[in-house]
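Next comes upload16.pdb, with PDB, C-alpha atoms.
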```pdb
ATOM      1  CA  MET A 150       0.000   0.000   0.000
ATOM      2  CA  ALA A 151       2.717   2.411   1.050
ATOM      3  CA  PHE A 152       4.782   1.757  -2.062
ATOM      4  CA  GLY A 153       1.731   1.911  -4.260
ATOM      5  CA  LEU A 154       0.629   5.175  -2.740
ATOM      6  CA  ALA A 155       4.090   6.673  -3.195
ATOM      7  CA  ALA A 156       4.170   5.506  -6.814
ATOM      8  CA  LEU A 157       0.736   6.987  -7.451
ATOM      9  CA  TYR A 158       1.848  10.294  -5.962
ATOM     10  CA  ARG A 159       4.908  10.443  -8.181
ATOM     11  CA  GLU A 160       2.878   9.501 -11.261
ATOM     12  CA  ARG A 161       0.425  12.255 -10.540
ATOM     13  CA  ASP A 162       3.271  14.758 -10.205
ATOM     14  CA  LEU A 163       4.832  13.601 -13.464
ATOM     15  CA  GLU A 164       1.524  13.871 -15.319
ATOM     16  CA  GLN A 165       1.496  17.577 -14.555
ATOM     17  CA  LEU A 166       5.126  18.033 -15.590
ATOM     18  CA  ASP A 167       6.232  19.319 -18.983
ATOM     19  CA  HIS A 168       8.971  16.862 -19.920
ATOM     20  CA  SER A 169      10.333  19.003 -22.772
ATOM     21  CA  ASP A 170      11.008  22.001 -20.536
ATOM     22  CA  PRO A 171      14.509  21.777 -18.915
ATOM     23  CA  ALA A 172      13.647  24.516 -16.437
ATOM     24  CA  ALA A 173      10.574  22.580 -15.299
ATOM     25  CA  LEU A 174      12.629  19.428 -14.965
ATOM     26  CA  ALA A 175      15.270  21.263 -12.913
ATOM     27  CA  ALA A 176      12.571  22.762 -10.727
ATOM     28  CA  GLU A 177      11.045  19.310 -10.240
ATOM     29  CA  ARG A 178      14.469  17.924  -9.272
ATOM     30  CA  GLN A 179      14.885  20.683  -6.726
ATOM     31  CA  ARG A 180      11.396  20.102  -5.374
ATOM     32  CA  LEU A 181      12.012  16.369  -5.035
ATOM     33  CA  ARG A 182      15.288  17.012  -3.206
ATOM     34  CA  THR A 183      13.451  19.203  -0.727
ATOM     35  CA  VAL A 184      10.694  16.606  -0.341
ATOM     36  CA  HIS A 185      13.313  13.933   0.227
ATOM     37  CA  MET A 186      15.041  15.985   2.904
ATOM     38  CA  GLN A 187      11.744  16.602   4.678
ATOM     39  CA  LEU A 188      10.775  12.939   4.473
ATOM     40  CA  ASP A 189      14.184  11.880   5.731
ATOM     41  CA  GLY A 190      13.842  14.262   8.639
ATOM     42  CA  ARG A 191      10.509  12.686   9.540
ATOM     43  CA  LEU A 192      11.717   9.139   8.956
ATOM     44  CA  SER A 193      14.614   9.225  11.447
ATOM     45  CA  PRO A 194      12.528  10.005  14.542
ATOM     46  CA  LEU A 195       9.975   7.458  13.404
ATOM     47  CA  ARG A 196      12.655   4.789  13.135
ATOM     48  CA  PHE A 197      13.940   5.718  16.575
ATOM     49  CA  ALA A 198      10.411   5.592  17.981
ATOM     50  CA  VAL A 199       9.886   2.147  16.451
ATOM     51  CA  PHE A 200      13.134   0.922  18.013
ATOM     52  CA  GLU A 201      12.345   2.427  21.404
ATOM     53  CA  LEU A 202       8.817   1.095  21.484
ATOM     54  CA  ALA A 203       9.943  -2.358  20.396
ATOM     55  CA  ARG A 204      12.466  -2.433  23.233
ATOM     56  CA  THR A 205       9.968  -1.117  25.772
ATOM     57  CA  ASN A 206       7.404  -3.700  24.720
ATOM     58  CA  ARG A 207       9.985  -6.456  24.946
ATOM     59  CA  ILE A 208      10.881  -5.432  28.508
ATOM     60  CA  LEU A 209       7.197  -5.276  29.410
ATOM     61  CA  GLU A 210       6.645  -8.755  27.979
ATOM     62  CA  ILE A 211       9.536 -10.124  30.043
ATOM     63  CA  ARG A 212       8.184  -8.457  33.170
ATOM     64  CA  GLU A 213       4.726  -9.789  32.432
ATOM     65  CA  SER A 214       6.040 -13.362  32.152
ATOM     66  CA  ALA A 215       8.142 -13.027  35.311
ATOM     67  CA  LEU A 216       5.230 -11.615  37.324
ATOM     68  CA  ARG A 217       2.875 -14.321  36.077
ATOM     69  CA  ILE A 218       5.329 -17.033  37.157
ATOM     70  CA  ASP A 219       5.995 -15.359  40.500
ATOM     71  CA  ASN A 220       2.293 -14.930  41.191
ATOM     72  CA  ARG A 221       1.603 -18.544  40.325
ATOM     73  CA  GLY A 222       4.333 -19.649  42.730
ATOM     74  CA  LEU A 223       2.988 -17.427  45.504
ATOM     75  CA  ARG A 224      -0.538 -18.720  44.936
ATOM     76  CA  LEU A 225       0.689 -22.301  45.163
ATOM     77  CA  ARG A 226       2.560 -21.467  48.343
ATOM     78  CA  LEU A 227      -0.548 -19.908  49.834
ATOM     79  CA  GLY A 228      -2.698 -22.774  48.664
ATOM     80  CA  ASP A 229      -4.771 -20.443  46.622
ATOM     81  CA  ALA A 230      -6.639 -22.343  43.978
ATOM     82  CA  ASP A 231      -7.844 -19.508  41.822
ATOM     83  CA  PRO A 232      -6.075 -19.772  38.481
ATOM     84  CA  GLU A 233      -4.426 -16.877  36.683
TER      85      GLU A 233
ATOM     86  CA  MET B 271      -4.799   9.147  15.583
ATOM     87  CA  ARG B 272      -6.950   6.059  15.066
ATOM     88  CA  PRO B 273      -6.767   4.118  11.816
ATOM     89  CA  ARG B 274      -9.816   3.989   9.605
ATOM     90  CA  ARG B 275     -10.993   0.582   8.439
ATOM     91  CA  ILE B 276     -11.591   0.382   4.705
ATOM     92  CA  ARG B 277     -12.846  -2.623   2.803
ATOM     93  CA  SER B 278     -12.298  -3.043  -0.898
ATOM     94  CA  GLY B 279     -13.275  -6.399  -2.339
ATOM     95  CA  MET B 280     -11.229  -9.053  -0.542
ATOM     96  CA  LEU B 281      -8.876  -6.398   0.732
ATOM     97  CA  GLU B 282      -9.404  -4.884   4.132
ATOM     98  CA  VAL B 283      -6.981  -2.259   5.338
ATOM     99  CA  ARG B 284      -6.771   0.193   8.159
ATOM    100  CA  LEU B 285      -5.593   3.577   7.051
ATOM    101  CA  LEU B 286      -4.751   6.700   8.926
ATOM    102  CA  ASP B 287      -6.947   9.640   8.032
ATOM    103  CA  ARG B 288      -3.918  11.350   6.605
ATOM    104  CA  THR B 289      -3.110   8.393   4.350
ATOM    105  CA  ALA B 290      -6.719   7.940   3.324
ATOM    106  CA  ASP B 291      -7.027  11.582   2.315
ATOM    107  CA  ALA B 292      -3.740  11.427   0.443
ATOM    108  CA  LEU B 293      -4.878   8.313  -1.347
ATOM    109  CA  ALA B 294      -8.179   9.794  -2.422
ATOM    110  CA  ARG B 295      -6.440  12.955  -3.574
ATOM    111  CA  ALA B 296      -3.766  11.066  -5.496
ATOM    112  CA  ARG B 297      -6.160   9.204  -7.741
ATOM    113  CA  GLY B 298      -9.266  11.267  -7.582
ATOM    114  CA  LEU B 299     -11.149   8.028  -7.020
ATOM    115  CA  PRO B 300     -13.487   6.871  -4.276
ATOM    116  CA  LEU B 301     -11.419   5.697  -1.330
ATOM    117  CA  GLU B 302     -12.188   1.990  -1.735
ATOM    118  CA  GLU B 303     -11.080   1.996  -5.361
ATOM    119  CA  ALA B 304      -8.006   4.071  -4.544
ATOM    120  CA  VAL B 305      -7.028   1.535  -1.882
ATOM    121  CA  ALA B 306      -7.307  -1.320  -4.335
ATOM    122  CA  GLU B 307      -5.378   0.630  -6.948
ATOM    123  CA  ALA B 308      -2.582   1.568  -4.508
ATOM    124  CA  PHE B 309      -2.335  -2.012  -3.288
ATOM    125  CA  ARG B 310      -2.137  -3.381  -6.828
ATOM    126  CA  ARG B 311       0.365  -0.747  -7.834
ATOM    127  CA  GLY B 312       2.524  -1.360  -4.744
ATOM    128  CA  LEU B 313       2.636  -5.088  -5.432
ATOM    129  CA  GLY B 314       3.591  -4.394  -9.036
ATOM    130  CA  VAL B 315       6.389  -2.017  -8.063
ATOM    131  CA  LEU B 316       7.789  -4.240  -5.334
ATOM    132  CA  SER B 317       7.736  -7.373  -7.469
ATOM    133  CA  GLY B 318       9.290  -5.513 -10.405
ATOM    134  CA  ARG B 319       6.414  -6.376 -12.763
ATOM    135  CA  GLU B 320       5.499  -2.737 -13.199
ATOM    136  CA  PRO B 321       8.087  -0.069 -13.965
ATOM    137  CA  LEU B 322       8.658   2.925 -11.758
ATOM    138  CA  PRO B 323       7.536   6.311 -13.081
ATOM    139  CA  ASN B 324      10.034   7.083 -15.813
ATOM    140  CA  THR B 325      11.342  10.272 -17.462
ATOM    141  CA  GLU B 326      14.167  11.026 -19.867
ATOM    142  CA  ASP B 327      16.164  12.562 -17.033
ATOM    143  CA  ALA B 328      18.232   9.914 -15.227
ATOM    144  CA  GLU B 329      18.848  12.094 -12.182
ATOM    145  CA  LEU B 330      15.156  12.815 -11.881
ATOM    146  CA  ASP B 331      14.393   9.105 -12.158
ATOM    147  CA  ASP B 332      16.826   8.387  -9.345
ATOM    148  CA  LEU B 333      15.285  11.106  -7.227
ATOM    149  CA  ILE B 334      11.801   9.778  -7.892
ATOM    150  CA  ALA B 335      12.861   6.268  -6.821
ATOM    151  CA  THR B 336      14.570   7.612  -3.688
ATOM    152  CA  VAL B 337      11.620   9.751  -2.703
ATOM    153  CA  MET B 338       9.231   6.863  -3.316
ATOM    154  CA  GLU B 339      11.264   4.599  -1.103
ATOM    155  CA  THR B 340      11.562   7.184   1.668
ATOM    156  CA  GLU B 341       7.872   8.020   1.457
ATOM    157  CA  ALA B 342       6.919   4.360   1.697
ATOM    158  CA  GLY B 343       9.376   3.926   4.557
ATOM    159  CA  GLU B 344       7.837   6.840   6.388
ATOM    160  CA  ALA B 345       4.337   5.443   5.969
ATOM    161  CA  LEU B 346       5.446   1.968   7.059
ATOM    162  CA  ASN B 347       7.286   3.267  10.095
ATOM    163  CA  ALA B 348       4.349   5.453  11.070
ATOM    164  CA  TRP B 349       2.221   2.333  10.917
ATOM    165  CA  ARG B 350       4.773   0.385  12.967
ATOM    166  CA  VAL B 351       4.829   3.085  15.627
ATOM    167  CA  LEU B 352       1.050   2.960  15.881
ATOM    168  CA  HIS B 353       1.068  -0.832  16.037
ATOM    169  CA  ARG B 354       3.678  -0.882  18.812
ATOM    170  CA  LEU B 355       1.882   1.862  20.683
ATOM    171  CA  ARG B 356      -1.235  -0.277  20.627
ATOM    172  CA  GLN B 357       0.796  -3.209  21.954
ATOM    173  CA  TYR B 358       2.215  -0.958  24.667
ATOM    174  CA  GLU B 359      -1.252   0.260  25.616
ATOM    175  CA  ASN B 360      -2.340  -3.352  26.088
ATOM    176  CA  LEU B 361       0.790  -4.465  27.921
ATOM    177  CA  GLU B 362       1.183  -1.663  30.425
ATOM    178  CA  PRO B 363      -2.112  -2.059  32.325
ATOM    179  CA  GLU B 364      -1.633  -5.832  32.342
ATOM    180  CA  VAL B 365       1.815  -5.484  33.918
ATOM    181  CA  GLU B 366       0.475  -2.986  36.442
ATOM    182  CA  ARG B 367      -2.352  -5.361  37.352
ATOM    183  CA  LEU B 368       0.102  -8.253  37.775
ATOM    184  CA  GLN B 369       2.396  -6.059  39.853
ATOM    185  CA  ALA B 370      -0.440  -5.099  42.197
ATOM    186  CA  ASP B 371      -1.420  -8.758  42.393
ATOM    187  CA  ASN B 372       2.170  -9.681  43.191
ATOM    188  CA  LYS B 373       2.341  -7.079  45.937
ATOM    189  CA  ARG B 374      -0.871  -8.363  47.509
ATOM    190  CA  LEU B 375       0.232 -12.003  47.312
ATOM    191  CA  THR B 376       3.676 -11.203  48.731
ATOM    192  CA  ALA B 377       2.088  -9.370  51.655
ATOM    193  CA  ARG B 378      -0.079 -12.414  52.331
ATOM    194  CA  ALA B 379       2.773 -14.867  51.967
ATOM    195  CA  LEU B 380       5.290 -12.839  53.953
ATOM    196  CA  PRO B 381       4.594 -14.379  57.406
ATOM    197  CA  ASN B 382       4.883 -17.876  55.888
ATOM    198  CA  LEU B 383       8.067 -16.945  54.089
ATOM    199  CA  ALA B 384       9.597 -15.473  57.247
ATOM    200  CA  ARG B 385       8.680 -18.594  59.222
ATOM    201  CA  SER B 386      10.215 -20.928  56.672
ATOM    202  CA  ARG B 387      13.388 -18.824  56.533
ATOM    203  CA  ARG B 388      13.673 -18.827  60.333
ATOM    204  CA  SER B 389      13.220 -22.577  60.451
ATOM    205  CA  THR B 390      16.122 -23.117  58.063
ATOM    206  CA  ARG B 391      18.332 -20.806  60.103
ATOM    207  CA  GLN B 392      17.647 -22.564  63.404
ATOM    208  CA  PRO B 393      19.572 -25.757  64.163
ATOM    209  CA  LEU B 394      17.713 -29.011  64.368
ATOM    210  CA  PRO B 395      16.646 -30.123  67.859
ATOM    211  CA  ASP B 396      19.515 -31.959  69.461
ATOM    212  CA  ALA B 397      18.251 -35.251  70.860
ATOM    213  CA  CYS B 398      21.569 -36.017  72.488
ATOM    214  CA  SER B 399      21.873 -32.786  74.393
ATOM    215  CA  THR B 400      18.232 -33.134  75.378
ATOM    216  CA  ALA B 401      18.948 -36.618  76.628
ATOM    217  CA  ALA B 402      22.114 -35.645  78.456
ATOM    218  CA  GLY B 403      20.682 -32.451  79.854
ATOM    219  CA  THR B 404      17.182 -33.237  81.032
ATOM    220  CA  GLY B 405      16.909 -36.962  80.834
ATOM    221  CA  ASP B 406      13.296 -36.910  79.680
ATOM    222  CA  ASP B 407      14.033 -38.201  76.218
ATOM    223  CA  SER B 408      13.380 -41.809  75.325
ATOM    224  CA  SER B 409      17.056 -42.471  74.729
ATOM    225  CA  ALA B 410      18.086 -40.650  77.886
ATOM    226  CA  SER B 411      18.098 -43.687  80.141
ATOM    227  CA  GLU B 412      20.968 -45.336  78.369
ATOM    228  CA  LEU B 413      22.876 -42.133  77.749
ATOM    229  CA  ARG B 414      22.495 -40.336  81.037
ATOM    230  CA  HIS B 415      25.274 -42.108  82.873
ATOM    231  CA  VAL B 416      27.912 -41.406  80.251
ATOM    232  CA  GLY B 417      27.373 -37.665  80.284
ATOM    233  CA  ARG B 418      27.197 -35.159  77.511
ATOM    234  CA  GLY B 419      30.463 -35.934  75.787
ATOM    235  CA  ARG B 420      29.914 -39.670  75.589
ATOM    236  CA  ALA B 421      26.358 -39.190  74.484
ATOM    237  CA  ARG B 422      27.513 -37.156  71.538
ATOM    238  CA  LYS B 423      30.083 -39.768  70.560
ATOM    239  CA  SER B 424      27.591 -42.585  70.623
ATOM    240  CA  CYS B 425      24.893 -40.665  68.820
ATOM    241  CA  SER B 426      23.664 -42.520  65.782
ATOM    242  CA  LEU B 427      21.145 -40.000  64.525
ATOM    243  CA  SER B 428      21.785 -39.544  60.847
ATOM    244  CA  TYR B 429      21.097 -35.829  60.786
ATOM    245  CA  HIS B 430      23.741 -35.253  63.436
ATOM    246  CA  GLY B 431      26.427 -36.508  61.127
ATOM    247  CA  SER B 432      27.860 -33.125  60.393
ATOM    248  CA  ARG B 433      27.994 -32.180  64.082
ATOM    249  CA  HIS B 434      29.376 -35.372  65.578
ATOM    250  CA  ARG B 435      31.672 -36.594  62.851
ATOM    251  CA  GLY B 436      35.355 -36.792  63.623
ATOM    252  CA  ARG B 437      35.815 -39.800  65.882
ATOM    253  CA  GLY B 438      33.727 -42.577  64.422
ATOM    254  CA  GLY B 439      34.550 -42.346  60.777
ATOM    255  CA  ALA B 440      37.489 -42.599  58.450
ATOM    256  CA  ARG B 441      39.882 -40.832  60.787
ATOM    257  CA  LEU B 442      39.309 -43.391  63.528
ATOM    258  CA  ARG B 443      39.744 -46.284  61.118
ATOM    259  CA  ALA B 444      42.991 -44.793  59.812
ATOM    260  CA  ARG B 445      44.301 -44.332  63.338
ATOM    261  CA  LEU B 446      43.458 -47.924  64.213
ATOM    262  CA  ALA B 447      45.215 -49.138  61.095
ATOM    263  CA  ARG B 448      48.325 -47.123  61.964
ATOM    264  CA  SER B 449      48.342 -48.463  65.482
ATOM    265  CA  ARG B 450      47.894 -52.016  64.175
ATOM    266  CA  ARG B 451      50.852 -51.571  61.852
ATOM    267  CA  ARG B 452      52.923 -50.204  64.714
ATOM    268  CA  GLY B 453      51.895 -53.224  66.815
ATOM    269  CA  GLU B 454      52.870 -55.597  64.054
ATOM    270  CA  LEU B 455      56.199 -53.837  63.707
ATOM    271  CA  ALA B 456      56.769 -54.009  67.449
ATOM    272  CA  ALA B 457      55.874 -57.712  67.459
ATOM    273  CA  ALA B 458      58.272 -58.315  64.596
ATOM    274  CA  VAL B 459      61.042 -56.490  66.434
ATOM    275  CA  ARG B 460      60.248 -58.440  69.579
ATOM    276  CA  GLY B 461      60.357 -61.657  67.546
ATOM    277  CA  LEU B 462      63.728 -60.737  66.163
ATOM    278  CA  TRP B 463      65.021 -60.097  69.632
ATOM    279  CA  SER B 464      63.419 -63.206  71.041
ATOM    280  CA  GLY B 465      64.364 -65.275  68.057
ATOM    281  CA  GLY B 466      60.750 -66.162  67.296
ATOM    282  CA  PRO B 467      59.102 -66.236  63.839
ATOM    283  CA  LEU B 468      58.442 -63.029  61.906
ATOM    284  CA  PRO B 469      54.803 -62.106  61.518
ATOM    285  CA  ARG B 470      53.351 -63.105  58.187
ATOM    286  CA  ALA B 471      53.345 -60.356  55.676
ATOM    287  CA  ARG B 472      49.942 -59.293  54.451
ATOM    288  CA  PRO B 473      49.218 -60.169  50.830
ATOM    289  CA  GLY B 474      50.645 -57.615  48.452
ATOM    290  CA  THR B 475      53.021 -56.056  50.940
ATOM    291  CA  ALA B 476      55.787 -58.711  50.859
ATOM    292  CA  ARG B 477      58.991 -57.471  49.352
ATOM    293  CA  PRO B 478      60.716 -59.670  46.802
ATOM    294  CA  GLN B 479      63.876 -61.225  48.145
TER     295      GLN B 479
END
```

Whole structure, structure tokens version:
Amino acid sequence: MAFGLAALYRERDLEQLDHSDPAALAAERQRLRTVHMQLDGRLSPLRFAVFELARTNRILEIRESALRIDNRGLRLRLGDADPE
Amino acid sequence: MRPRRIRSGMLEVRLLDRTADALARARGLPLEEAVAEAFRRGLGVLSGREPLPNTEDAELDDLIATVMETEAGEALNAWRVLHRLRQYENLEPEVERLQADNKRLTARALPNLARSRRSTRQPLPDACSTAAGTGDDSSASELRHVGRGRARKSCSLSYHGSRHRGRGGARLRARLARSRRRGELAAAVRGLWSGGPLPRARPGTARPQ
């Protein structure tokens, strides 16, 4: 979807472009460079957020497992029958 | 920023409002058709069946490919962030609930835990000292007259092994063996002096003549 959407965007831009005009082509190149810089600037924090969230979730999953096991052990020790 | 669920034929996707608007704008089609078109186009581009948008300008073509890739990467990573945030939102309250549960259970189990720890710290009841000291134990009658020290030596309780070992085990046997050897040696010396026969050598210890 993401690739398709990006391709559709670029096709739409190219449809409006006069391919025989060098000035228009140069302007389009400049515009795309700017777009790329903006996208790159947005992409880096997103990548970092993905990494951070993945790590946080992993730690939470480990804690969840450890607490489940600990609670089960405590329940057994107390003779509590109610299951998790 | 909740994703919007869109169904197009067999395809069902969840799109952010931003993406959905961009999609509709890009093709000028109803959203469902634009979704199907973008999906088909994306598959074509990724599999290499369909060419990328092409111009006569090689640098522009490169830029278009780069921008496409970055744009798709941005959309994918935005989606990943949302997905992981949803996971986080589910995980965090669950962990907090388990933590509260753990706290409650630990508070309940704490007296039991403390008791069991204390019991492992305390030494086991000493039947011998009880017998030697008070004389009300069942084994006291036979141990009383020998006193505390003798009672400890003759103790046969298995769990007292670590406390009473030292006289009745390997060390005692080794000492007896040494003393026996010394006795044999003394007897042999006495025999030599008295002119009597030498004691028989034990098997394996006789020296070749």

Up to 7 Å from chain A, what residues of chain B turn up? Count all atoms listed in the file and give them as an NGL selection string.
-> :B and (293 or 296 or 308-309 or 311-312 or 323 or 330 or 333-334 or 337-338 or 340-342 or 344-348 or 350-351 or 354 or 358 or 361 or 365 or 368-369 or 372 or 375 or 379)

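Atom pair CA of Thr289 in chain B / CA of Leu313 in chain B: separated by 17.6 Å.
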
Any chance you could resolve the PyMOL selection byres ((chain B and resi 283) around 10) against this file and give the residues as a PyMOL selection string?
-> (chain A and resi 150) or (chain B and resi 273-278+280-282+284-286+302+305-306+309)

Pick from B:Leu316, B:Asn360, B:Glu366, B:Leu299, whichever lies nearest to Glu339 in chain B using only C-alpha atoms | B:Leu316

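The two atoms in question, CA of Gly314 in chain B and CA of Thr336 in chain B, are spaced 17.1 Å apart.
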